[in-house]
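One file, start-v4.pdb, is given below (PDB, C-alpha atoms).
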```pdb
ATOM      1  CA  MET A  20      -9.254 -11.778  34.262
ATOM      2  CA  GLY A  21     -12.414 -13.631  33.380
ATOM      3  CA  THR A  22     -12.147 -12.516  29.785
ATOM      4  CA  VAL A  23     -12.141 -15.933  28.188
ATOM      5  CA  GLU A  24     -15.291 -17.277  29.730
ATOM      6  CA  SER A  25     -17.097 -14.003  29.360
ATOM      7  CA  LEU A  26     -16.313 -13.974  25.659
ATOM      8  CA  ARG A  27     -17.394 -17.571  25.219
ATOM      9  CA  HIS A  28     -20.735 -17.011  26.905
ATOM     10  CA  ASP A  29     -21.348 -13.348  26.264
ATOM     11  CA  PRO A  30     -24.762 -13.069  24.607
ATOM     12  CA  ASN A  31     -23.661  -9.724  23.244
ATOM     13  CA  VAL A  32     -20.893 -11.229  21.186
ATOM     14  CA  VAL A  33     -22.145 -11.367  17.630
ATOM     15  CA  PRO A  34     -23.143 -14.841  16.418
ATOM     16  CA  ASP A  35     -20.183 -15.503  14.134
ATOM     17  CA  VAL A  36     -17.845 -14.691  16.967
ATOM     18  CA  ALA A  37     -19.711 -16.875  19.412
ATOM     19  CA  SER A  38     -19.556 -19.708  16.913
ATOM     20  CA  ALA A  39     -15.912 -19.060  16.329
ATOM     21  CA  LEU A  40     -15.198 -19.284  20.022
ATOM     22  CA  ALA A  41     -17.266 -22.402  20.409
ATOM     23  CA  GLY A  42     -15.689 -24.049  17.408
ATOM     24  CA  GLY A  43     -12.147 -22.873  17.768
ATOM     25  CA  SER A  44     -10.977 -21.236  14.606
ATOM     26  CA  GLY A  45     -14.134 -19.507  13.527
ATOM     27  CA  GLU A  46     -13.454 -20.471   9.941
ATOM     28  CA  ASP A  47     -16.468 -22.731   9.743
ATOM     29  CA  ALA A  48     -18.670 -20.044  11.162
ATOM     30  CA  VAL A  49     -17.484 -17.515   8.635
ATOM     31  CA  ALA A  50     -17.586 -19.919   5.726
ATOM     32  CA  GLY A  51     -21.027 -21.045   6.796
ATOM     33  CA  LYS A  52     -22.358 -17.538   6.396
ATOM     34  CA  SER A  53     -21.229 -17.339   2.839
ATOM     35  CA  GLU A  54     -23.649 -18.492   0.181
ATOM     36  CA  THR A  55     -20.762 -19.584  -1.987
ATOM     37  CA  ALA A  56     -18.673 -20.952   0.854
ATOM     38  CA  ALA A  57     -15.866 -18.749  -0.410
ATOM     39  CA  PRO A  58     -12.752 -19.512   1.610
ATOM     40  CA  LEU A  59     -12.323 -15.958   2.837
ATOM     41  CA  LEU A  60     -11.756 -15.401   6.505
ATOM     42  CA  ALA A  61     -13.108 -12.272   8.190
ATOM     43  CA  ARG A  62     -10.191 -11.251  10.308
ATOM     44  CA  THR A  63      -8.718  -8.175  11.909
ATOM     45  CA  GLY A  64      -4.960  -7.950  11.777
ATOM     46  CA  PHE A  65      -2.482  -6.164  13.992
ATOM     47  CA  CYS A  66       1.284  -5.980  14.198
ATOM     48  CA  VAL A  67       3.814  -6.061  17.010
ATOM     49  CA  GLY A  68       7.423  -5.631  15.960
ATOM     50  CA  ASP A  69       7.964  -8.168  13.186
ATOM     51  CA  TRP A  70       5.005 -10.287  14.282
ATOM     52  CA  ASN A  71       1.632 -10.086  12.577
ATOM     53  CA  PHE A  72      -1.548 -11.432  14.126
ATOM     54  CA  LEU A  73      -5.139 -12.132  13.143
ATOM     55  CA  PHE A  74      -8.269 -12.632  15.168
ATOM     56  CA  PRO A  75     -11.929 -13.042  14.159
ATOM     57  CA  SER A  76     -13.353  -9.642  13.287
ATOM     58  CA  GLY A  77     -16.072  -8.817  15.751
ATOM     59  CA  LEU A  78     -14.127  -9.888  18.832
ATOM     60  CA  GLY A  79     -12.417  -6.515  19.111
ATOM     61  CA  ARG A  80     -14.364  -4.011  21.187
ATOM     62  CA  GLU A  81     -12.578  -0.834  20.195
ATOM     63  CA  VAL A  82      -9.207   0.695  19.488
ATOM     64  CA  MET A  83      -7.800   3.745  21.213
ATOM     65  CA  PRO A  84      -4.564   5.713  21.456
ATOM     66  CA  ALA A  85      -2.309   4.288  24.157
ATOM     67  CA  PRO A  86      -3.836   5.505  27.431
ATOM     68  CA  ALA A  87      -2.073   6.456  30.647
ATOM     69  CA  VAL A  88      -1.605   3.415  32.857
ATOM     70  CA  SER A  89      -0.958   2.846  36.554
ATOM     71  CA  ARG A  90       1.533   0.113  37.329
ATOM     72  CA  VAL A  91       0.426  -2.803  39.459
ATOM     73  CA  PRO A  92       3.070  -4.226  41.847
ATOM     74  CA  ASN A  93       4.142  -7.852  41.637
ATOM     75  CA  THR A  94       2.857  -8.473  38.152
ATOM     76  CA  ALA A  95       4.508  -9.653  34.976
ATOM     77  CA  PRO A  96       6.645  -7.073  33.132
ATOM     78  CA  TRP A  97       4.314  -7.263  30.143
ATOM     79  CA  LEU A  98       1.399  -6.011  32.225
ATOM     80  CA  LEU A  99       1.806  -2.287  31.693
ATOM     81  CA  GLY A 100      -0.815  -1.621  34.338
ATOM     82  CA  LEU A 101      -4.418  -0.547  34.626
ATOM     83  CA  ALA A 102      -5.971   2.108  32.428
ATOM     84  CA  ASN A 103      -9.195   4.012  32.750
ATOM     85  CA  ALA A 104     -11.073   3.201  29.572
ATOM     86  CA  ARG A 105     -14.320   5.170  29.621
ATOM     87  CA  GLY A 106     -14.790   4.602  33.320
ATOM     88  CA  ASN A 107     -13.717   0.970  33.362
ATOM     89  CA  LEU A 108     -10.362  -0.096  34.729
ATOM     90  CA  ILE A 109      -8.817  -2.519  32.281
ATOM     91  CA  PRO A 110      -5.455  -4.295  32.309
ATOM     92  CA  ILE A 111      -3.171  -3.283  29.457
ATOM     93  CA  VAL A 112      -0.744  -5.867  28.109
ATOM     94  CA  ASP A 113       2.321  -4.669  26.221
ATOM     95  CA  MET A 114       2.486  -7.211  23.427
ATOM     96  CA  ALA A 115       6.048  -6.264  22.479
ATOM     97  CA  ILE A 116       7.316  -7.037  25.984
ATOM     98  CA  ALA A 117       5.189 -10.176  26.102
ATOM     99  CA  LEU A 118       6.745 -11.409  22.863
ATOM    100  CA  GLY A 119      10.242 -10.240  23.727
ATOM    101  CA  VAL A 120      10.547  -7.990  20.671
ATOM    102  CA  ALA A 121      11.033  -4.289  20.059
ATOM    103  CA  SER A 122       8.049  -2.270  18.943
ATOM    104  CA  ALA A 123       8.166  -1.088  15.365
ATOM    105  CA  ALA A 124      10.090   2.172  15.092
ATOM    106  CA  GLY A 125       8.147   5.225  14.041
ATOM    107  CA  VAL A 126       4.747   3.598  14.504
ATOM    108  CA  SER A 127       2.276   4.951  17.034
ATOM    109  CA  ALA A 128       1.101   2.638  19.768
ATOM    110  CA  TYR A 129      -2.575   1.846  20.055
ATOM    111  CA  VAL A 130      -4.555  -0.292  22.439
ATOM    112  CA  LEU A 131      -6.969  -2.854  21.102
ATOM    113  CA  THR A 132      -9.594  -3.824  23.666
ATOM    114  CA  PHE A 133     -11.608  -7.000  24.048
ATOM    115  CA  GLY A 134     -14.453  -7.980  26.352
ATOM    116  CA  GLN A 135     -16.293  -5.524  28.493
ATOM    117  CA  GLY A 136     -16.728  -4.392  32.062
ATOM    118  CA  GLU A 137     -14.587  -6.306  34.522
ATOM    119  CA  ALA A 138     -13.733  -8.854  31.849
ATOM    120  CA  ALA A 139     -12.134  -6.337  29.509
ATOM    121  CA  ILE A 140      -8.490  -6.432  28.504
ATOM    122  CA  GLY A 141      -6.369  -4.225  26.268
ATOM    123  CA  LEU A 142      -3.421  -5.189  24.081
ATOM    124  CA  ALA A 143      -0.876  -2.500  23.225
ATOM    125  CA  VAL A 144       0.052  -2.993  19.561
ATOM    126  CA  ASP A 145       1.956  -1.171  16.813
ATOM    127  CA  GLY A 146      -0.249   0.967  14.580
ATOM    128  CA  LEU A 147      -3.938   0.677  13.836
ATOM    129  CA  PRO A 148      -5.519  -2.741  13.358
ATOM    130  CA  ARG A 149      -7.032  -3.376   9.938
ATOM    131  CA  LEU A 150      -9.522  -5.673   8.301
ATOM    132  CA  LEU A 151      -8.025  -8.559   6.365
ATOM    133  CA  THR A 152      -9.542 -11.388   4.375
ATOM    134  CA  PRO A 153      -6.939 -14.092   3.955
ATOM    135  CA  GLU A 154      -7.996 -17.055   1.874
ATOM    136  CA  ALA A 155      -7.909 -20.587   3.160
ATOM    137  CA  SER A 156      -5.496 -21.372   0.343
ATOM    138  CA  GLU A 157      -3.017 -18.931   1.862
ATOM    139  CA  GLN A 158      -2.690 -21.059   4.968
ATOM    140  CA  THR A 159       0.788 -22.404   5.432
ATOM    141  CA  GLY A 160       1.764 -25.587   7.164
ATOM    142  CA  GLU A 161       5.036 -23.994   8.105
ATOM    143  CA  SER A 162       5.911 -24.407  11.774
ATOM    144  CA  LEU A 163       7.235 -21.147  13.145
ATOM    145  CA  PRO A 164       9.365 -20.874  16.275
ATOM    146  CA  LEU A 165       7.067 -19.097  18.707
ATOM    147  CA  PRO A 166       7.721 -17.114  21.877
ATOM    148  CA  PRO A 167       6.583 -19.003  24.996
ATOM    149  CA  LEU A 168       3.431 -16.920  25.403
ATOM    150  CA  LEU A 169       2.252 -17.927  21.940
ATOM    151  CA  GLU A 170       2.940 -21.650  22.140
ATOM    152  CA  GLY A 171      -0.336 -23.491  21.747
ATOM    153  CA  ASN A 172      -2.184 -20.240  21.279
ATOM    154  CA  THR A 173      -2.259 -19.960  17.510
ATOM    155  CA  LEU A 174      -4.654 -21.687  15.157
ATOM    156  CA  ALA A 175      -2.909 -21.309  11.830
ATOM    157  CA  ALA A 176      -0.504 -19.185   9.845
ATOM    158  CA  TYR A 177      -1.293 -17.445   6.581
ATOM    159  CA  HIS A 178       0.925 -15.872   3.939
ATOM    160  CA  HIS A 179      -1.116 -12.831   3.008
ATOM    161  CA  GLY A 180      -0.072  -9.553   1.428
ATOM    162  CA  GLY A 181       3.583 -10.439   1.604
ATOM    163  CA  ARG A 182       3.540 -11.136   5.330
ATOM    164  CA  THR A 183       3.022 -14.128   7.544
ATOM    165  CA  TRP A 184       0.024 -13.713   9.832
ATOM    166  CA  LEU A 185      -0.621 -15.875  12.870
ATOM    167  CA  ASP A 186      -4.280 -16.552  13.602
ATOM    168  CA  LEU A 187      -4.514 -16.145  17.365
ATOM    169  CA  ASP A 188      -6.631 -18.416  19.523
ATOM    170  CA  LEU A 189      -7.680 -15.491  21.681
ATOM    171  CA  PRO A 190      -9.431 -17.439  24.470
ATOM    172  CA  ARG A 191      -6.377 -19.637  24.966
ATOM    173  CA  PHE A 192      -4.029 -16.682  24.672
ATOM    174  CA  PHE A 193      -5.943 -14.797  27.358
ATOM    175  CA  GLU A 194      -5.870 -17.909  29.544
ATOM    176  CA  THR A 195      -2.086 -18.008  29.170
ATOM    177  CA  LEU A 196      -1.827 -14.334  30.094
ATOM    178  CA  ALA A 197      -4.074 -14.834  33.120
ATOM    179  CA  ARG A 198      -1.895 -17.699  34.368
ATOM    180  CA  GLY A 199       1.268 -15.636  34.094
ATOM    181  CA  ILE A 200       0.109 -12.288  35.358
ATOM    182  CA  ALA A 201       1.215 -12.573  38.998
ATOM    183  CA  ARG A 202       4.852 -12.392  40.056
TER     184      ARG A 202
ATOM    185  CA  MET B 151     -32.183   6.046  -1.045
ATOM    186  CA  ALA B 152     -35.021   8.036   0.495
ATOM    187  CA  VAL B 153     -34.916   7.585   4.230
ATOM    188  CA  GLN B 154     -38.312   7.283   5.874
ATOM    189  CA  LYS B 155     -37.798   5.289   9.054
ATOM    190  CA  VAL B 156     -34.913   6.013  11.431
ATOM    191  CA  LEU B 157     -33.753   3.861  14.326
ATOM    192  CA  VAL B 158     -32.148   6.052  17.013
ATOM    193  CA  VAL B 159     -29.945   4.279  19.569
ATOM    194  CA  ASP B 160     -28.544   5.870  22.726
ATOM    195  CA  ASP B 161     -28.444   4.748  26.336
ATOM    196  CA  SER B 162     -28.744   8.350  27.484
ATOM    197  CA  ALA B 163     -32.446   9.203  27.732
ATOM    198  CA  THR B 164     -31.703  12.881  27.145
ATOM    199  CA  ASP B 165     -29.630  12.336  24.040
ATOM    200  CA  LEU B 166     -32.090   9.757  22.763
ATOM    201  CA  LYS B 167     -35.011  12.167  23.125
ATOM    202  CA  ASN B 168     -33.089  15.001  21.499
ATOM    203  CA  LEU B 169     -32.155  12.949  18.463
ATOM    204  CA  GLU B 170     -35.635  11.472  18.227
ATOM    205  CA  GLN B 171     -37.141  14.971  18.247
ATOM    206  CA  ILE B 172     -34.795  16.244  15.553
ATOM    207  CA  CYS B 173     -35.751  13.382  13.269
ATOM    208  CA  MET B 174     -39.468  13.646  13.998
ATOM    209  CA  ASP B 175     -39.463  17.397  13.374
ATOM    210  CA  ALA B 176     -37.894  16.706  10.001
ATOM    211  CA  GLY B 177     -40.743  14.366   9.147
ATOM    212  CA  TYR B 178     -39.067  11.017   9.627
ATOM    213  CA  SER B 179     -40.723   8.052  11.281
ATOM    214  CA  VAL B 180     -38.631   7.245  14.355
ATOM    215  CA  ILE B 181     -38.133   4.152  16.467
ATOM    216  CA  THR B 182     -35.774   4.118  19.428
ATOM    217  CA  ALA B 183     -33.576   1.724  21.365
ATOM    218  CA  SER B 184     -31.641   2.336  24.563
ATOM    219  CA  SER B 185     -29.217  -0.589  24.418
ATOM    220  CA  GLY B 186     -27.177  -2.463  21.875
ATOM    221  CA  ALA B 187     -29.183  -5.653  22.151
ATOM    222  CA  GLU B 188     -32.448  -3.762  21.705
ATOM    223  CA  ALA B 189     -30.991  -1.958  18.697
ATOM    224  CA  ILE B 190     -30.052  -5.201  16.968
ATOM    225  CA  GLU B 191     -33.474  -6.680  17.656
ATOM    226  CA  LYS B 192     -35.270  -3.615  16.301
ATOM    227  CA  ALA B 193     -33.013  -3.417  13.279
ATOM    228  CA  LYS B 194     -34.039  -6.988  12.438
ATOM    229  CA  ASN B 195     -37.716  -6.643  13.230
ATOM    230  CA  GLU B 196     -38.542  -3.059  12.290
ATOM    231  CA  ARG B 197     -36.281  -2.785   9.230
ATOM    232  CA  PRO B 198     -35.383   0.912   9.527
ATOM    233  CA  ASP B 199     -33.845   2.730   6.568
ATOM    234  CA  VAL B 200     -30.954   3.984   8.691
ATOM    235  CA  VAL B 201     -29.563   3.606  12.219
ATOM    236  CA  LEU B 202     -28.237   6.585  14.183
ATOM    237  CA  LEU B 203     -26.036   4.904  16.760
ATOM    238  CA  ASP B 204     -24.266   6.152  19.861
ATOM    239  CA  ILE B 205     -20.877   4.557  20.548
ATOM    240  CA  ILE B 206     -20.428   4.690  24.293
ATOM    241  CA  MET B 207     -23.012   2.406  25.821
ATOM    242  CA  ARG B 208     -22.823   0.212  28.879
ATOM    243  CA  ASP B 209     -22.993  -3.313  27.480
ATOM    244  CA  MET B 210     -22.419  -3.652  23.758
ATOM    245  CA  ASN B 211     -20.859  -0.474  22.505
ATOM    246  CA  GLY B 212     -21.810   1.175  19.234
ATOM    247  CA  PHE B 213     -18.923  -0.410  17.362
ATOM    248  CA  GLN B 214     -20.099  -3.890  18.326
ATOM    249  CA  VAL B 215     -23.708  -3.092  17.448
ATOM    250  CA  CYS B 216     -22.596  -1.663  14.130
ATOM    251  CA  ARG B 217     -20.664  -4.794  13.310
ATOM    252  CA  ALA B 218     -23.565  -7.031  14.305
ATOM    253  CA  ILE B 219     -25.910  -5.079  12.002
ATOM    254  CA  ALA B 220     -23.365  -4.965   9.178
ATOM    255  CA  THR B 221     -22.703  -8.698   9.247
ATOM    256  CA  ASP B 222     -26.256 -10.011   9.652
ATOM    257  CA  ALA B 223     -27.806 -10.955   6.333
ATOM    258  CA  THR B 224     -31.152  -9.455   7.329
ATOM    259  CA  THR B 225     -29.732  -6.061   8.324
ATOM    260  CA  GLN B 226     -26.492  -5.605   6.414
ATOM    261  CA  HIS B 227     -28.191  -3.324   3.871
ATOM    262  CA  ILE B 228     -29.119  -0.810   6.588
ATOM    263  CA  PRO B 229     -26.628   2.074   6.761
ATOM    264  CA  VAL B 230     -25.321   2.890  10.212
ATOM    265  CA  VAL B 231     -24.313   6.419  11.191
ATOM    266  CA  LEU B 232     -22.263   6.657  14.367
ATOM    267  CA  VAL B 233     -23.140   9.629  16.549
ATOM    268  CA  SER B 234     -20.733  10.151  19.379
ATOM    269  CA  SER B 235     -18.673  12.475  21.509
ATOM    270  CA  LYS B 236     -15.715  10.213  20.757
ATOM    271  CA  SER B 237     -13.775  12.173  18.186
ATOM    272  CA  GLU B 238     -10.427  10.445  17.931
ATOM    273  CA  LYS B 239      -9.206   9.474  14.494
ATOM    274  CA  THR B 240      -9.111   5.912  15.780
ATOM    275  CA  ASP B 241     -12.858   5.997  16.411
ATOM    276  CA  ARG B 242     -13.595   6.909  12.814
ATOM    277  CA  VAL B 243     -11.204   4.281  11.480
ATOM    278  CA  TRP B 244     -12.502   1.567  13.785
ATOM    279  CA  GLY B 245     -16.100   2.593  13.074
ATOM    280  CA  GLU B 246     -15.496   2.318   9.355
ATOM    281  CA  GLN B 247     -13.947  -1.098   9.870
ATOM    282  CA  GLN B 248     -17.061  -2.204  11.737
ATOM    283  CA  GLY B 249     -19.234  -1.143   8.790
ATOM    284  CA  ALA B 250     -20.349   2.405   9.637
ATOM    285  CA  LYS B 251     -21.250   4.605   6.672
ATOM    286  CA  ALA B 252     -20.760   7.964   8.384
ATOM    287  CA  TYR B 253     -19.750   9.572  11.635
ATOM    288  CA  ILE B 254     -21.239  12.598  13.384
ATOM    289  CA  THR B 255     -19.506  14.112  16.381
ATOM    290  CA  LYS B 256     -21.427  15.429  19.391
ATOM    291  CA  PRO B 257     -22.373  18.170  19.933
ATOM    292  CA  TYR B 258     -24.201  18.209  16.628
ATOM    293  CA  THR B 259     -26.764  20.546  15.135
ATOM    294  CA  SER B 260     -30.147  19.553  13.782
ATOM    295  CA  ALA B 261     -28.920  20.566  10.353
ATOM    296  CA  GLN B 262     -26.005  18.144  10.550
ATOM    297  CA  ILE B 263     -28.299  15.254  11.362
ATOM    298  CA  ILE B 264     -30.805  16.100   8.655
ATOM    299  CA  HIS B 265     -28.070  16.719   6.116
ATOM    300  CA  GLN B 266     -26.611  13.295   6.829
ATOM    301  CA  LEU B 267     -29.992  11.578   6.488
ATOM    302  CA  GLU B 268     -30.611  13.332   3.192
ATOM    303  CA  ARG B 269     -27.225  12.234   1.873
ATOM    304  CA  LEU B 270     -27.931   8.532   2.352
TER     305      LEU B 270
END
```

Target encoding structure tokens, full file:
Amino acid sequence: MGTVESLRHDPNVVPDVASALAGGSGEDAVAGKSETAAPLLARTGFCVGDWNFLFPSGLGREVMPAPAVSRVPNTAPWLLGLANARGNLIPIVDMAIALGVASAAGVSAYVLTFGQGEAAIGLAVDGLPRLLTPEASEQTGESLPLPPLLEGNTLAAYHHGGRTWLDLDLPRFFETLARGIAR
Amino acid sequence: MAVQKVLVVDDSATDLKNLEQICMDAGYSVITASSGAEAIEKAKNERPDVVLLDIIMRDMNGFQVCRAIATDATTQHIPVVLVSSKSEKTDRVWGEQQGAKAYITKPYTSAQIIHQLERL
């Protein structure tokens, strides 16, 4: 897909995001911008079934209602297909299928896109993403049993707002998706 | 806040000129940019009082530009107004999350643009 490298080296990615990608978690980059070094993390959160995820705010390109997709033969079941997103064909990954869970009932599906041009990718998620600012003190050392696609692709877990949120290592997660896309 | 200098951003030359003309006719000082990167640079260097920003652009889109302006210490005080033909509810929500102060849907009238600038 090319998404990972393009995000790492994309000069258009805002500085805190570039630093986050270079440094891993992005926490240092965010904390470094704060005059008081307040342990707040600038994250966007999204949900899939019972799972809740975070990623550094600024990495997301846009969010859109679930678009029509065209299936691609011989690909993983979680690849819904290709969608025309403002003239660009982008692969759409159904996160619920990828995680082996059911989508939340009664919640509209949206697609969250990352990257741009040929390096773009969309994740189908439950409901609209939202801005969250978990505190470093909310990080939990708890080890959660993860679906195979998430193993090694999370940076931390936070208890925030009554839910547990997994901070995704997006570059690694996209690498995992890229490795498993063909069938 | 009395707006004097407006940064207009659109990668469509026609739309850019139209918006520039509306603002100039209303007596505002106008600077323009035709890409996201140029917009960020001019926001930092020219210090406009407001940015009128298209969303659908080829490289960085308006959401990404908005976020970059809203999170940079030197530009975060500059209000960003998104001006776009994208009219989904999701666009407004996402735009707000990226730091936009207002949203104008194309096609717009001169009065809508001026009214928005006067409200800031």

Give me the result of the PyMOL selection byres ((chain B and resi 195-212) around 8) on this file, residue by residue, as an MDAnalysis selection string.
(chainID A and resid 31 80 135:136) or (chainID B and resid 153:161 185:187 191:194 213:216 225 228:234 236 267)

Hits of the PyMOL selection byres ((chain B and resi 217) around 10) in this structure, as a PyMOL selection string
(chain A and resi 33+76-78) or (chain B and resi 212-216+218-222+226+230+245-250)

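Remark: for chain B, the closest of the candidate residues A:Gly106, A:Gly119, A:Gly181, A:Pro153 is A:Gly106 (distances computed over all atoms listed in the file).
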
Atomic separation - CA of Glu238 in chain B relative to CA of Ala87 in chain A, Å:
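About the pair CA of Ala87 in chain A and CA of Glu238 in chain B: they are 15.7 Å apart.
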
Nearest to Tyr177 in chain A: which of A:Trp97, A:Leu165, A:Ala102, A:Ala155 is it, counting only C-alpha atoms?
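Among the listed residues, the smallest separation from Tyr177 in chain A belongs to A:Ala155.
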
Pull out every residue that the PyMOL selection byres ((chain A and resi 152) around 6) matches in the shown coordinates and put them as a PyMOL selection string.
chain A and resi 59-62+151+153

Just the number, please: distance in Å from CA of Met83 in chain A to CA of Arg105 in chain A, one decimal.
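It comes out at 10.7 Å.
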
Pick from B:Leu166, B:Ile264, B:Cys173, B:Ala189, whichever lies nearest to chain A using all atoms listed in the file
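Using all atoms listed in the file, the shortest distance to chain A belongs to B:Ala189.
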
If you measure from CA of Glu157 in chain A to CA of His178 in chain A, what distance in Å do you get, rounded to one decimal?
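Going from CA of Glu157 in chain A over to CA of His178 in chain A covers 5.4 Å.
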
All residues 12 Å or closer to Gly171 in chain A, all atoms listed in the file, same chain fewer than 4 positions away omitted, as a list in words:
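Near Gly171 in chain A, the qualifying residues are Ser162, Leu163, Pro164, Leu165, Pro166, Pro167, Ala175, Leu185, Asp186, Leu187, Asp188, Leu189, Pro190, Arg191, Phe192, Phe193, Glu194 and Thr195 of chain A.
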
Report as JSON the centre and the edge lengths, in Å to one decimal, of the axis-aligned box holding every listed atom of range 228-247 of chain B, padded by 3 Å on each side.
```
{"center_x": -19.1, "center_y": 5.7, "center_z": 14.0, "size_x": 26.0, "size_y": 19.6, "size_z": 20.9}
```

At a cut-off of 10 Å, using all atoms listed in the file, what residues contact Thr94 in chain A? Leave out same-chain residues fewer than 4 positions from it and give the result as a ChimeraX atom specification.
/A:90,98-100,199-202
